[in-house]
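Asks: Have a peek at structure_28.cif (mmCIF, C-alpha atoms).
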data_protein
loop_
_atom_site.label_atom_id
_atom_site.label_comp_id
_atom_site.auth_asym_id
_atom_site.auth_seq_id
_atom_site.Cartn_x
_atom_site.Cartn_y
_atom_site.Cartn_z
CA MET J 261 132.05 99.53 103.60
CA ASN J 262 129.01 99.50 101.29
CA LYS J 263 126.81 96.45 100.68
CA PHE J 264 128.56 95.55 97.41
CA LYS J 265 131.97 95.49 99.07
CA GLN J 266 130.63 93.55 102.04
CA LYS J 267 129.18 90.94 99.69
CA SER J 268 132.41 90.71 97.66
CA THR J 269 134.57 90.34 100.77
CA LYS J 270 132.21 87.70 102.15
CA THR J 271 132.35 85.81 98.82
CA LEU J 272 136.15 85.87 98.86
CA SER J 273 136.21 84.63 102.46
CA ILE J 274 133.86 81.75 101.61
CA GLY J 275 136.06 80.73 98.66
CA ILE J 276 139.20 80.69 100.82
CA PHE J 277 137.38 78.74 103.55
CA ILE J 278 136.22 76.07 101.07
CA PHE J 279 139.76 75.81 99.62
CA VAL J 280 141.24 75.25 103.08
CA LEU J 281 138.48 72.72 103.82
CA ILE J 282 139.25 70.75 100.62
CA LEU J 283 142.96 70.81 101.46
CA THR J 284 142.24 69.47 104.95
CA VAL J 285 139.87 66.76 103.64
CA GLY J 286 142.42 65.74 100.98
CA ILE J 287 145.29 65.37 103.45
CA GLY J 288 143.12 63.47 105.91
CA GLY J 289 141.68 61.22 103.19
CA PHE J 290 145.06 60.19 101.81
CA MET J 291 146.43 59.56 105.28
CA LEU J 292 143.40 57.45 106.23
CA LEU J 293 142.81 55.53 102.98
CA GLU J 294 146.37 55.11 101.71
CA ASP J 295 148.32 55.28 104.96
CA TYR J 296 150.32 58.29 103.69
CA SER J 297 152.37 60.53 105.97
CA PHE J 298 151.23 64.13 106.45
CA VAL J 299 153.80 65.44 103.95
CA ASP J 300 152.87 62.80 101.35
CA GLY J 301 149.17 63.52 101.89
CA LEU J 302 149.80 67.25 101.45
CA TYR J 303 151.81 66.63 98.27
CA MET J 304 149.16 64.34 96.77
CA THR J 305 146.38 66.79 97.64
CA ILE J 306 148.17 69.73 96.04
CA ILE J 307 149.02 67.95 92.78
CA THR J 308 145.48 66.57 92.65
CA ILE J 309 143.56 69.81 93.10
CA SER J 310 146.00 71.73 90.88
CA THR J 311 145.75 69.05 88.13
CA VAL J 312 149.43 69.42 87.23
CA GLY J 313 149.66 65.77 86.15
CA PHE J 314 152.55 64.56 88.32
CA GLY J 315 152.64 60.84 89.15
CA GLU J 316 151.37 59.19 92.28
CA ILE J 317 153.74 58.47 95.14
CA LYS J 318 152.58 54.87 95.07
CA PRO J 319 149.72 53.06 93.29
CA LEU J 320 146.32 53.96 94.74
CA SER J 321 143.73 51.50 95.93
CA GLU J 322 140.26 51.43 94.43
CA MET J 323 138.94 53.59 97.27
CA GLY J 324 141.93 55.90 96.84
CA ARG J 325 141.15 56.39 93.14
CA LEU J 326 137.49 57.14 93.89
CA PHE J 327 138.50 59.61 96.60
CA THR J 328 140.99 61.30 94.23
CA SER J 329 138.31 61.62 91.53
CA MET J 330 135.89 63.25 93.99
CA LEU J 331 138.66 65.57 95.22
CA ILE J 332 139.40 66.70 91.64
CA LEU J 333 135.73 67.47 90.92
CA MET J 334 135.35 69.39 94.19
CA SER J 335 138.56 71.36 93.69
CA LEU J 336 137.83 72.36 90.09
CA GLY J 337 134.61 74.09 91.10
CA ASN J 338 136.22 75.77 94.08
CA LEU J 339 139.26 77.01 92.14
CA ALA J 340 137.03 78.45 89.41
CA TYR J 341 134.89 80.14 92.06
CA LEU J 342 137.94 81.49 93.90
CA ALA J 343 139.66 82.70 90.72
CA THR J 344 136.53 84.51 89.52
CA THR J 345 136.12 86.21 92.90
CA VAL J 346 139.76 87.34 93.06
CA VAL J 347 139.66 88.71 89.49
CA THR J 348 136.42 90.57 90.23
CA PHE J 349 137.92 91.90 93.46
CA ILE J 350 140.89 93.33 91.53
CA ILE J 351 139.02 94.56 88.44
CA GLU J 352 136.38 96.37 90.48
CA GLY J 353 139.18 98.24 92.26
CA GLU J 354 138.32 96.86 95.66
CA LEU J 355 141.84 95.60 96.28
CA PHE J 356 143.22 99.07 95.60
CA GLU J 357 140.47 100.55 97.76
CA TYR J 358 141.34 98.18 100.59
CA ILE J 359 145.04 99.06 100.39
CA LYS J 360 144.22 102.78 100.34
CA ASN J 361 141.86 102.52 103.33
CA ASN J 362 144.46 100.50 105.21
CA ARG J 363 147.03 103.24 104.67
CA VAL J 364 144.55 105.90 105.83
CA ASN J 365 143.75 103.89 108.96
CA LYS J 366 147.45 103.55 109.78
CA ARG J 367 147.92 107.32 109.46
CA ILE J 368 144.92 107.92 111.73
CA HIS J 369 146.27 105.46 114.29
CA LYS J 370 149.49 107.50 114.54
CA LEU J 371 147.70 110.82 115.20
CA THR J 372 147.81 112.51 118.60
CA ASP J 373 146.44 115.86 119.71
CA HIS J 374 144.26 115.97 116.60
CA VAL J 375 140.69 117.13 115.91
CA ILE J 376 137.75 114.89 115.00
CA VAL J 377 135.16 116.45 112.68
CA CYS J 378 131.81 114.63 112.69
CA GLY J 379 129.96 115.37 109.46
CA PHE J 380 131.24 116.92 106.24
CA GLY J 381 128.36 119.19 105.31
CA ARG J 382 128.69 122.94 104.69
CA ASN J 383 129.77 123.70 108.27
CA GLY J 384 132.02 120.66 108.54
CA GLU J 385 133.76 121.42 105.26
CA GLN J 386 134.42 125.03 106.29
CA ALA J 387 135.80 123.86 109.64
CA CYS J 388 138.15 121.46 107.82
CA LEU J 389 139.40 124.23 105.52
CA GLU J 390 140.27 126.34 108.55
CA LEU J 391 142.05 123.42 110.21
CA LEU J 392 144.04 122.82 107.02
CA ASP J 393 144.94 126.50 106.92
CA HIS J 394 146.36 126.21 110.45
CA ASP J 395 148.19 122.91 109.76
CA GLN J 396 146.09 121.11 112.36
CA ASP J 397 145.74 117.33 112.02
CA PHE J 398 142.14 116.16 111.85
CA VAL J 399 139.96 113.16 110.98
CA ILE J 400 136.54 113.37 109.31
CA ILE J 401 133.77 110.93 110.24
CA GLU J 402 131.07 110.69 107.55
CA LYS J 403 128.50 108.01 106.69
CA ARG J 404 127.02 109.26 103.39
CA ASP J 405 128.39 107.48 100.31
CA HIS J 406 128.29 110.50 97.97
CA VAL J 407 130.20 112.61 100.52
CA ILE J 408 132.80 109.85 100.97
CA ASP J 409 133.31 109.89 97.19
CA ARG J 410 134.11 113.63 97.44
CA LEU J 411 136.54 113.06 100.30
CA LYS J 412 138.41 110.44 98.27
CA GLU J 413 139.26 113.09 95.69
CA ASN J 414 141.42 115.03 98.18
CA PRO J 415 144.50 113.06 99.33
CA GLU J 416 145.10 115.58 102.15
CA LEU J 417 141.94 114.54 104.00
CA LEU J 418 141.84 111.68 106.48
CA TYR J 419 138.38 110.19 106.85
CA LEU J 420 136.45 107.27 108.28
CA LYS J 421 133.17 106.00 106.94
CA GLY J 422 130.79 105.35 109.79
CA ASP J 423 128.28 106.72 112.28
CA ALA J 424 129.87 109.14 114.74
CA THR J 425 127.31 108.19 117.39
CA GLN J 426 128.90 104.71 117.59
CA GLU J 427 131.68 104.21 120.13
CA GLU J 428 133.73 101.90 117.88
CA VAL J 429 133.85 104.58 115.17
CA LEU J 430 135.07 107.22 117.63
CA ILE J 431 137.67 104.77 118.91
CA SER J 432 138.89 104.23 115.33
CA ALA J 433 139.18 108.01 114.98
CA GLY J 434 141.42 108.15 118.08
CA ILE J 435 139.00 109.80 120.50
CA GLU J 436 141.27 109.00 123.47
CA ARG J 437 144.20 110.87 121.85
CA ALA J 438 142.26 113.78 120.31
CA ARG J 439 142.40 117.34 121.59
CA ALA J 440 139.00 118.42 120.23
CA LEU J 441 135.84 117.21 118.53
CA ILE J 442 133.58 119.24 116.23
CA ALA J 443 130.03 117.90 115.79
CA THR J 444 128.46 119.35 112.64
CA THR J 445 125.80 116.82 111.67
CA PRO J 446 122.54 118.46 110.48
CA ASN J 447 120.50 116.63 113.14
CA ASP J 448 120.58 118.13 116.65
CA ALA J 449 119.64 114.80 118.25
CA ASP J 450 122.62 113.12 116.56
CA ASN J 451 124.90 115.91 117.77
CA VAL J 452 123.64 115.47 121.34
CA PHE J 453 124.40 111.74 121.16
CA VAL J 454 127.85 112.37 119.63
CA VAL J 455 128.71 114.89 122.36
CA LEU J 456 127.42 112.62 125.14
CA THR J 457 129.38 109.62 123.81
CA ALA J 458 132.59 111.58 123.20
CA ARG J 459 132.51 113.23 126.63
CA GLY J 460 132.12 109.83 128.30
CA MET J 461 135.07 108.41 126.36
CA ASN J 462 137.39 111.40 126.86
CA PRO J 463 136.51 113.70 129.78
CA ASN J 464 139.27 116.18 128.87
CA ILE J 465 138.47 116.68 125.17
CA LYS J 466 137.21 120.06 123.95
CA ILE J 467 133.84 119.64 122.21
CA ILE J 468 132.27 122.16 119.86
CA SER J 469 128.86 121.41 118.40
CA ARG J 470 126.47 122.86 115.88
CA ALA J 471 122.82 123.43 116.83
CA SER J 472 119.88 124.31 114.59
CA GLU J 473 116.81 124.40 116.83
CA ARG J 474 116.20 126.89 119.61
CA GLY J 475 116.78 125.16 122.94
CA SER J 476 119.17 122.58 121.52
CA ASP J 477 122.15 124.63 122.69
CA MET J 478 121.27 124.02 126.35
CA LYS J 479 120.81 120.28 125.74
CA LEU J 480 124.19 120.10 124.02
CA LYS J 481 125.90 121.92 126.87
CA ARG J 482 124.29 119.59 129.41
CA ALA J 483 125.51 116.66 127.29
CA GLY J 484 129.08 117.97 127.60
CA ALA J 485 129.73 120.47 124.81
CA ASN J 486 132.15 123.27 125.70
CA ASN J 487 130.77 125.56 123.00
CA VAL J 488 127.64 125.48 120.86
CA ILE J 489 127.41 127.34 117.55
CA MET J 490 124.09 128.23 115.93
CA PRO J 491 124.91 129.14 112.30
CA GLU J 492 121.48 130.64 111.54
CA ARG J 493 121.58 132.93 114.59
CA MET J 494 125.17 133.97 113.91
CA GLY J 495 124.32 134.63 110.27
CA GLY J 496 121.42 136.89 111.24
CA GLN J 497 123.54 138.77 113.78
CA ARG J 498 126.30 139.25 111.22
CA MET J 499 123.87 140.66 108.64
CA SER J 500 122.41 143.16 111.13
CA LYS J 501 125.92 144.17 112.24
CA LEU J 502 126.88 144.77 108.62
CA VAL J 503 123.98 147.23 108.43
CA MET J 504 124.75 149.00 111.70
CA GLN J 505 128.57 148.67 111.98
CA PRO J 506 129.90 147.42 108.63
CA ASP J 507 133.49 148.59 109.04
CA ILE J 508 133.89 146.91 112.44
CA VAL J 509 132.60 143.60 111.09
CA GLU J 510 134.85 143.75 108.03
CA PHE J 511 137.84 144.69 110.21
CA MET J 512 137.31 141.75 112.57
CA GLU J 513 136.76 139.36 109.66
CA TYR J 514 139.95 140.58 108.04
CA ILE J 515 141.89 139.78 111.20
CA LEU J 516 140.29 136.37 111.82
CA LEU J 517 139.62 135.06 108.31
CA GLN J 518 142.31 136.51 106.06
CA SER J 519 144.44 134.02 104.16
CA ASN J 520 147.69 135.98 103.86
CA LYS J 521 148.01 136.50 107.64
CA ASP J 522 149.49 140.02 107.55
CA VAL J 523 148.14 140.32 111.06
CA SER J 524 146.65 137.70 113.36
CA LEU J 525 144.80 137.51 116.65
CA GLU J 526 146.11 134.55 118.62
CA GLU J 527 145.80 133.13 122.12
CA VAL J 528 149.02 132.41 123.98
CA GLY J 529 148.93 130.27 127.11
CA CYS J 530 151.14 131.18 130.05
CA ASP J 531 151.73 127.50 130.94
CA TYR J 532 155.35 127.69 129.77
CA MET J 533 155.95 131.25 130.92
CA CYS J 534 159.45 131.99 132.15
CA HIS J 535 159.63 132.01 135.97
CA LEU J 536 160.92 135.59 135.78
CA PHE J 537 157.45 136.81 134.76
CA GLU J 538 155.29 134.75 137.11
CA GLY J 539 153.49 137.08 139.50
CA ARG J 540 154.99 140.09 137.71
CA THR J 541 153.00 142.78 135.92
CA LEU J 542 152.32 143.23 132.21
CA LYS J 543 154.43 146.36 132.37
CA GLU J 544 157.49 144.32 133.40
CA LEU J 545 156.81 141.86 130.56
CA LYS J 546 156.49 144.68 128.03
CA GLN J 547 159.79 146.17 129.18
CA GLN J 548 161.59 143.01 128.06
CA ASP J 549 159.48 142.41 124.96
CA ASP J 550 160.58 144.05 121.71
CA SER J 551 158.15 142.22 119.41
CA GLY J 552 155.67 145.07 119.07
CA VAL J 553 152.54 142.94 119.66
CA ASN J 554 149.43 144.32 121.36
CA ILE J 555 148.00 142.43 124.34
CA VAL J 556 144.28 143.03 123.86
CA GLY J 557 142.84 140.66 126.45
CA VAL J 558 143.37 138.06 129.15
CA LYS J 559 141.32 134.97 130.04
CA GLN J 560 141.65 133.88 133.65
CA LYS J 561 141.32 130.33 135.00
CA SER J 562 137.82 131.12 136.29
CA GLY J 563 136.71 131.89 132.71
CA LYS J 564 136.59 135.65 133.28
CA TYR J 565 137.78 137.86 130.43
CA ILE J 566 139.70 141.08 130.94
CA PHE J 567 139.71 143.36 127.90
CA ASN J 568 142.53 145.79 127.28
CA PRO J 569 144.29 144.83 130.56
CA GLN J 570 146.16 147.50 132.51
CA ASP J 571 149.95 147.45 132.84
CA SER J 572 149.49 146.69 136.54
CA TYR J 573 147.84 143.32 135.83
CA GLU J 574 149.81 140.48 137.49
CA LEU J 575 150.49 137.41 135.32
CA LEU J 576 149.66 133.84 136.38
CA ARG J 577 150.54 130.56 134.68
CA THR J 578 146.83 129.77 134.38
CA ASP J 579 146.22 132.89 132.25
CA LYS J 580 145.74 133.02 128.49
CA LEU J 581 146.80 136.16 126.65
CA PHE J 582 145.11 137.39 123.47
CA ILE J 583 147.77 138.89 121.22
CA LEU J 584 147.43 140.99 118.05
CA GLY J 585 150.36 141.15 115.65
CA SER J 586 152.10 139.69 112.64
CA ILE J 587 153.30 136.09 112.50
CA HIS J 588 156.88 137.22 113.11
CA GLN J 589 155.85 139.43 116.04
CA LEU J 590 153.83 136.62 117.61
CA SER J 591 156.78 134.26 117.32
CA GLU J 592 159.10 136.79 118.96
CA PHE J 593 156.61 137.40 121.78
CA ARG J 594 156.30 133.67 122.52
CA ARG J 595 160.09 133.38 122.66
CA THR J 596 160.33 136.26 125.15
CA LEU J 597 157.45 134.92 127.28
CA GLU J 598 158.99 131.44 127.51
CA ARG J 599 162.69 132.30 127.85
CA GLY J 600 162.94 135.92 128.98
CA LYS J 601 165.05 138.52 127.22
CA SER J 602 168.30 137.02 125.93
#
In structure tokens, how does this file's structure come out?
Replies:
Amino acid sequence: MNKFKQKSTKTLSIGIFIFVLILTVGIGGFMLLEDYSFVDGLYMTIITISTVGFGEIKPLSEMGRLFTSMLILMSLGNLAYLATTVVTFIIEGELFEYIKNNRVNKRIHKLTDHVIVCGFGRNGEQACLELLDHDQDFVIIEKRDHVIDRLKENPELLYLKGDATQEEVLISAGIERARALIATTPNDADNVFVVLTARGMNPNIKIISRASERGSDMKLKRAGANNVIMPERMGGQRMSKLVMQPDIVEFMEYILLQSNKDVSLEEVGCDYMCHLFEGRTLKELKQQDDSGVNIVGVKQKSGKYIFNPQDSYELLRTDKLFILGSIHQLSEFRRTLERGKS
């Protein structure tokens, strides 16, 4: 919330507080000075401060008339103050903004297994586009006002305004329920603090961070990042590869970055593998699989990668398979892996 909104909300709160105070003083005054009951005191206070002109319940004493006069003067100023504040609150669009932010916060509160993106710069925006393309739920944390204004233009984006290094902001983003966090702020020190805070709040979350300076990648990994990306280094490597091996680079980019998804490279976990295949070889799996996918690699629990695995490789539930094929082929392969051949 910016300073203007904070001031307006504070002004509205003060007006409501004064109104409640006048109501309390009025009820107490009538009960004390005129020996009214609570209900009669409430009634007299309301018709007095609203100046509707209804008659008194019973004739007032001299002190009662003086008290009523003071109550009218106090209430007129407060009601004018409160009315002006409410009108300003509505005209400036803050009421609509509050309702919209409340809806966004409720949607965020319902998310589970989502991704938190810290920073919506060039890298953060590109990461969000990829997450949208894969129908992955995510929340953006951003503190810059002009960037927040951009985010408001896209109703598909869920965002929180705040500093991602603060624990309360990460809690609001659902850090305990999130599956991954992407730290893309332009400052390496901020990214280190975000990673350190997030890892302490959710030991099982996958954390990917951006790094700009040489040596920051090791600091980020020590802080708890699973992976560290250095855009400048990757950009330089990509440019040199395009000189030396342009067709290979374009081929891999077509597979990984294409929008029409004619073919896709996906990872498939063996967690839900049918018991028929556990401890069996890839050859036995392929004999029951008619999808036509290509198994191009395996990642073992130890983190070791096996490229182009042999048919004699024995499958374990802790393995991850890297599969190349169309969306339909990948779906068919997953069905076979999980249920066996029907």
Asks: Could you check how far atom CA of J:Leu502 sits from atom CA of J:Ile566, in Å to one decimal?
Replies: 26.0 Å
Asks: I need the residue set behind the PyMOL selection byres ((chain J and resi 545) around 10) for this file; please write it as a PyMOL selection string.
Replies: chain J and resi 536-538+540-544+546-550+571+574-575+593+596-597+600-601
Asks: Save out the residues we just selected, C-alpha atoms, as a PDB file, keeping the file's coordinate frame.
Replies:
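part.pdb, written as the output of this step:
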ATOM      1  CA  LEU J 536     160.920 135.590 135.780  1.00  0.00           C
ATOM      2  CA  PHE J 537     157.450 136.810 134.760  1.00  0.00           C
ATOM      3  CA  GLU J 538     155.290 134.750 137.110  1.00  0.00           C
ATOM      4  CA  ARG J 540     154.990 140.090 137.710  1.00  0.00           C
ATOM      5  CA  THR J 541     153.000 142.780 135.920  1.00  0.00           C
ATOM      6  CA  LEU J 542     152.320 143.230 132.210  1.00  0.00           C
ATOM      7  CA  LYS J 543     154.430 146.360 132.370  1.00  0.00           C
ATOM      8  CA  GLU J 544     157.490 144.320 133.400  1.00  0.00           C
ATOM      9  CA  LYS J 546     156.490 144.680 128.030  1.00  0.00           C
ATOM     10  CA  GLN J 547     159.790 146.170 129.180  1.00  0.00           C
ATOM     11  CA  GLN J 548     161.590 143.010 128.060  1.00  0.00           C
ATOM     12  CA  ASP J 549     159.480 142.410 124.960  1.00  0.00           C
ATOM     13  CA  ASP J 550     160.580 144.050 121.710  1.00  0.00           C
ATOM     14  CA  ASP J 571     149.950 147.450 132.840  1.00  0.00           C
ATOM     15  CA  GLU J 574     149.810 140.480 137.490  1.00  0.00           C
ATOM     16  CA  LEU J 575     150.490 137.410 135.320  1.00  0.00           C
ATOM     17  CA  PHE J 593     156.610 137.400 121.780  1.00  0.00           C
ATOM     18  CA  THR J 596     160.330 136.260 125.150  1.00  0.00           C
ATOM     19  CA  LEU J 597     157.450 134.920 127.280  1.00  0.00           C
ATOM     20  CA  GLY J 600     162.940 135.920 128.980  1.00  0.00           C
ATOM     21  CA  LYS J 601     165.050 138.520 127.220  1.00  0.00           C
TER      22      LYS J 601
END
Asks: Under the PyMOL selection byres ((chain J and resi 461) around 10), which residues of this model are included? Write them out as number ranges by chain.
Replies: J: 427, 430-431, 435-436, 455-460, 462-465
Asks: Find the residue from J:Gln589, J:Asn361, J:Thr308, J:Asn568 that sits nearest to J:Ile408; use only C-alpha atoms when measuring.
Replies: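 Comparing J:Gln589, J:Asn361, J:Thr308, J:Asn568 against J:Ile408, the winner is J:Asn361.
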Asks: Take the point (145.2, 106.8, 106.9) in the file's coordinates, draw a sphere of radius 12 Å around it, and report as number ranges by chain every protein, DNA or RNA residue with an atom inside or on it, counting all atoms listed in the file.
Replies: J: 358-371, 397-400, 412, 415-420, 432-434
Asks: Rounded to one decimal place, report the atom CA of J:Gly585-atom CA of J:His374 distance in Å.
Replies: 25.9 Å
Asks: Could you tell me how far atom CA of J:Asp507 lies from atom CA of J:Gly563, in Å and to one decimal?
Replies: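 These two atoms are separated by 29.1 Å.
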Asks: Please provide the set of residues having any atom within 6 Å of stretch 379-388 of chain J, restricted to all atoms listed in the file, with same-chain residues fewer than 6 positions apart removed, written as number ranges by chain.
Replies: J: 401-402, 444-445
Asks: Please, could you write that set of residues out with C-alpha atoms as a PDB file, keeping the file's coordinate frame?
Replies:
ATOM      1  CA  ILE J 401     133.770 110.930 110.240  1.00  0.00           C
ATOM      2  CA  GLU J 402     131.070 110.690 107.550  1.00  0.00           C
ATOM      3  CA  THR J 444     128.460 119.350 112.640  1.00  0.00           C
ATOM      4  CA  THR J 445     125.800 116.820 111.670  1.00  0.00           C
TER       5      THR J 445
END
Asks: Could you list, as an MDAnalysis selection string, every residue matched by the PyMOL selection byres ((chain J and resi 274-285) around 12) in this structure?
Replies: chainID J and resid 267:273 286:293 298 301:310 327:328 330:346
Asks: Hey, what's within 10 Å of J:Glu473 if we count only C-alpha atoms and toss same-chain stuff fewer than 5 positions away? As a ChimeraX atom specification, please?
Replies: /J:447-448,490,492
Asks: Hey, can you spit out that residue selection with C-alpha atoms as a short mmCIF file (atom, residue, chain, number, x, y, z; two decimals), in the coordinates of the input?
Replies:
data_model
loop_
_atom_site.label_atom_id
_atom_site.label_comp_id
_atom_site.auth_asym_id
_atom_site.auth_seq_id
_atom_site.Cartn_x
_atom_site.Cartn_y
_atom_site.Cartn_z
CA ASN J 447 120.50 116.63 113.14
CA ASP J 448 120.58 118.13 116.65
CA MET J 490 124.09 128.23 115.93
CA GLU J 492 121.48 130.64 111.54
#
Asks: Do you know which residues are at most 8 Å from J:Asp579 counting all atoms listed in the file, after dropping those on the same chain fewer than 2 positions away, and could you put them as a PDB file with C-alpha atoms, in the coordinates of the input?
Replies:
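Just written: part.pdb:
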ATOM      1  CA  GLY J 529     148.930 130.270 127.110  1.00  0.00           C
ATOM      2  CA  CYS J 530     151.140 131.180 130.050  1.00  0.00           C
ATOM      3  CA  ASP J 531     151.730 127.500 130.940  1.00  0.00           C
ATOM      4  CA  VAL J 558     143.370 138.060 129.150  1.00  0.00           C
ATOM      5  CA  LYS J 559     141.320 134.970 130.040  1.00  0.00           C
ATOM      6  CA  GLN J 560     141.650 133.880 133.650  1.00  0.00           C
ATOM      7  CA  LYS J 561     141.320 130.330 135.000  1.00  0.00           C
ATOM      8  CA  LEU J 575     150.490 137.410 135.320  1.00  0.00           C
ATOM      9  CA  LEU J 576     149.660 133.840 136.380  1.00  0.00           C
ATOM     10  CA  ARG J 577     150.540 130.560 134.680  1.00  0.00           C
ATOM     11  CA  LEU J 581     146.800 136.160 126.650  1.00  0.00           C
TER      12      LEU J 581
END
Asks: Write out as a tab-separated table (two decimals) with C-alpha atoms, keeping the file's coordinate frame the residues lying within 10 Å of J:Glu294, counting all atoms listed in the file and excluding same-chain residues fewer than 6 positions away.
Replies:
chain	number	residue	atom	x	y	z
J	288	GLY	CA	143.12	63.47	105.91
J	301	GLY	CA	149.17	63.52	101.89
J	318	LYS	CA	152.58	54.87	95.07
J	319	PRO	CA	149.72	53.06	93.29
J	320	LEU	CA	146.32	53.96	94.74
J	321	SER	CA	143.73	51.50	95.93
J	323	MET	CA	138.94	53.59	97.27
J	324	GLY	CA	141.93	55.90	96.84
